[in-house]
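Below is one structure; the comments refer to it alone.
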Amino acid sequence: MLAEQRHQLIMQALRSGGTVTVTDLSGRLGASAATVRRDLLKLEVDGLLTRVHGGAVIEEEPAPFAEAAEAQVREKDAIAARAAEMIEEGQSVILDSGTTVHRLARQLHGRRITVITNNLVVYEELVPDENIELMLLGGMVIRESRMLDGFMAEDNLRQVHADWLFMGACGVRAGGQVMDTTVAEVPARRAMIAAGDKVALLADSTKFPGTGMVKICGPEDLDIVVTDGSSDAATCMALEEAGVRVVQVDVGRA
């Protein structure tokens with residue numbers, strides 16, 4: 001098989017599944033692992049994929065924050081209101097860069113808590129509220145996502161500890177794996193998980209299965225998932241079987 005044909009088949013596999021492994025491609029293409037690795041290197045140089053350990057991923061273009069913030073607003077507000085009830089006075093919480101997490105921040109005014117965040121919209125929401133101790137993580141500004149990210153954000157997170165992490169996601173797979181569309185954002189989210197005593201995922205029904213090809217974490221890293229009642233029942237059952245508490249809110253009463 002010619003190299004060009006292999007490259008086309010590799011890209012087809014990535015577009016259909018989001019991720020591929022060298023072993024799988026070797027079997028599909030009838031080529032050696034070394035040949036597949038050279039193909040992946042060439043495609044990465046061309047900017048068509050990102051190589052990861054054992055294979056490659058293709059990054060989906062995430063929706064800008066402002067666009068994502070306008071979607072599923074009623075569901076996000078209902079989820080945020082329920083999540084806010086879990087936070088006790090005096091606790092510390094990490095809020096990540098998600099739009100649902102921003103809706104949670106709007107529920108926290110007047111609370112005597114500490115908020116740690118890399119979400120610039122959360123910062124702008126809470127900075128006028130003197131009741132809230134506010135820590136803004138350092139890092140590179142990602143304008144489209146209204147967030148701070150990179151190694152400085154990770155380093156900051158290694159120095160803190162919080163009672164809660166409230167995080168969003170681009171997708172939740174059938175087995176409960178939490179997914180993101182952007183490889184670069186995953187290390188900071190994993191650092192947030194390590195820094196939180198309890199981890200709550202806020203995800204409306206469109207995130208089941210949603211999008212994303214990069215795994216942030218598995219169900220074993222979650223304590224609670226807050227979602228709306230129309231989320232995929234099989235996935236919610238898989239999460240509960242893995243020991244995750246699934247809270248489904250009634251959007252109609254939000």
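The way I read the labels, and the way they are meant: chains A, B, ... in the order of the structure tokens, residue 1 as the first residue of every chain, and ligand 1 as the first ligand shown, with later ones counted on from there.
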
Open item on the list: When you look at A:Val121 with a cut-off of 7 Å (counting only C-alpha atoms), what residues show up, excluding the ones that are within fewer than 4 positions of it in the same chain? I need them as a ChimeraX atom specification.
Closed with: /A:102,125,146

Generate the output file for the selected residues, N, CA and C atoms, as a PDB file, in the first residue's frame.
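Final output, saved to selection.pdb:
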```pdb
ATOM      1  N   HIS A 102     -19.276  28.210  35.341  1.00  0.00           N
ATOM      2  CA  HIS A 102     -19.526  29.650  35.478  1.00  0.00           C
ATOM      3  C   HIS A 102     -20.928  29.902  36.025  1.00  0.00           C
ATOM      4  N   GLU A 125     -16.872  37.358  37.564  1.00  0.00           N
ATOM      5  CA  GLU A 125     -18.143  37.238  38.278  1.00  0.00           C
ATOM      6  C   GLU A 125     -17.970  37.473  39.773  1.00  0.00           C
ATOM      7  N   ARG A 146     -11.553  31.711  27.453  1.00  0.00           N
ATOM      8  CA  ARG A 146     -11.609  32.603  28.627  1.00  0.00           C
ATOM      9  C   ARG A 146     -11.017  31.910  29.854  1.00  0.00           C
TER      10      ARG A 146
END
```

Task: Surrounding residues of A:Ser26 excluding itself and chain neighbours under 2 positions, 12 Å, only C-alpha atoms, as a PyMOL selection string - done: chain A and resi 6+9-10+20-24+28-40+54-55

Open item on the list: as a count of residues only, please: the residues near A:Arg106 (cut-off 10 Å, only C-alpha atoms, same-chain neighbours under 5 positions excluded).
Closed with: 8

May I have a table of the residues of stretch 192-250 of chain A lying at most 9 Å from stretch 167-184 of chain A, giving each one's closest pair of atoms and their distance in Å to one decimal, counting only C-alpha atoms, ordered by chain and ascending residue number, as a Markdown table?
```
| residue | atom | partner | partner_atom | distance |
| --- | --- | --- | --- | --- |
| A:Met192 | CA | A:Met167 | CA | 8.8 |
| A:Ile193 | CA | A:Met167 | CA | 8.9 |
| A:Val199 | CA | A:Met167 | CA | 7.6 |
| A:Ala200 | CA | A:Met167 | CA | 6.3 |
| A:Leu201 | CA | A:Met167 | CA | 5.0 |
| A:Leu202 | CA | A:Gly168 | CA | 5.2 |
| A:Ala203 | CA | A:Gly168 | CA | 6.0 |
| A:Thr206 | CA | A:Gly171 | CA | 8.1 |
| A:Lys207 | CA | A:Gly171 | CA | 4.5 |
| A:Phe208 | CA | A:Val172 | CA | 5.1 |
| A:Pro209 | CA | A:Val172 | CA | 4.9 |
| A:Gly210 | CA | A:Gly171 | CA | 4.1 |
| A:Thr211 | CA | A:Gly171 | CA | 4.9 |
| A:Gly212 | CA | A:Thr181 | CA | 4.0 |
| A:Met213 | CA | A:Thr181 | CA | 5.8 |
| A:Val214 | CA | A:Asp180 | CA | 5.2 |
| A:Lys215 | CA | A:Met179 | CA | 4.6 |
| A:Ile216 | CA | A:Met179 | CA | 5.4 |
| A:Cys217 | CA | A:Val178 | CA | 5.4 |
| A:Gly218 | CA | A:Gln177 | CA | 4.4 |
| A:Pro219 | CA | A:Gly176 | CA | 5.2 |
| A:Glu220 | CA | A:Gly176 | CA | 8.8 |
| A:Asp232 | CA | A:Ala174 | CA | 8.5 |
| A:Ala234 | CA | A:Ala174 | CA | 7.1 |
| A:Thr235 | CA | A:Ala174 | CA | 4.8 |
| A:Cys236 | CA | A:Gly176 | CA | 7.8 |
| A:Ala238 | CA | A:Gly175 | CA | 5.9 |
| A:Leu239 | CA | A:Gly176 | CA | 5.5 |
| A:Ala242 | CA | A:Gly176 | CA | 8.4 |
```

TODO: Just the residues within 9 Å of A:Ala162, please, counting only C-alpha atoms, with nothing from its chain fewer than 5 positions along; format it as a list in words.
DONE: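 Close residues of A:Ala162: Gln91, Ser92, Val93, Ile94, Thr114, Val115, Ile116, Ala195, Gly196, Asp197 and Lys198 of chain A.
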
Grab the residues selected above and save them as an mmCIF file, in the first residue's frame with C-alpha atoms.
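Writing done, so here's part_20.cif:
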```cif
data_model
loop_
_atom_site.group_PDB
_atom_site.id
_atom_site.type_symbol
_atom_site.label_atom_id
_atom_site.label_comp_id
_atom_site.auth_asym_id
_atom_site.auth_seq_id
_atom_site.Cartn_x
_atom_site.Cartn_y
_atom_site.Cartn_z
ATOM 1 C CA GLN A 91 -15.142 25.435 52.403
ATOM 2 C CA SER A 92 -12.696 25.858 49.549
ATOM 3 C CA VAL A 93 -13.677 24.990 45.990
ATOM 4 C CA ILE A 94 -11.869 24.746 42.665
ATOM 5 C CA THR A 114 -12.667 30.291 49.058
ATOM 6 C CA VAL A 115 -12.744 29.895 45.275
ATOM 7 C CA ILE A 116 -9.714 28.786 43.254
ATOM 8 C CA ALA A 195 -6.033 18.898 44.457
ATOM 9 C CA GLY A 196 -9.686 18.289 45.384
ATOM 10 C CA ASP A 197 -11.015 16.114 48.231
ATOM 11 C CA LYS A 198 -14.249 15.553 46.322
#
```

TODO: Within stretch 109-249 of chain A, find each residue whose DSSP state, derived from the backbone, is strand (DSSP E or B), and express the selection as number ranges by chain.
DONE: A: 114-117, 119, 133-136, 140-142, 147-149, 162-167, 171-172, 178-180, 196-202, 214-217, 224-228, 245-249

Open item on the list: Restricting the calculation to only C-alpha atoms: of A:His7, A:Arg74, A:Arg51, A:Lys42, which residue gets closest to A:Asp204?
Closed with: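 Closest to A:Asp204 of all the choices is A:Arg74.
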
TODO: Assign secondary structure with DSSP using the backbone only, and return the residues of stretch 20-126 of chain A in alpha helix (DSSP H) as a PyMOL selection string.
DONE: chain A and resi 22-29+33-45+65-69+73-84+99-105+120-126

Task: Point-to-point distance in Å for atom CA of A:Glu75 and atom CA of A:Asp250 - done: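 Separating atom CA of A:Asp250 from atom CA of A:Glu75 is a distance of 8.7 Å.
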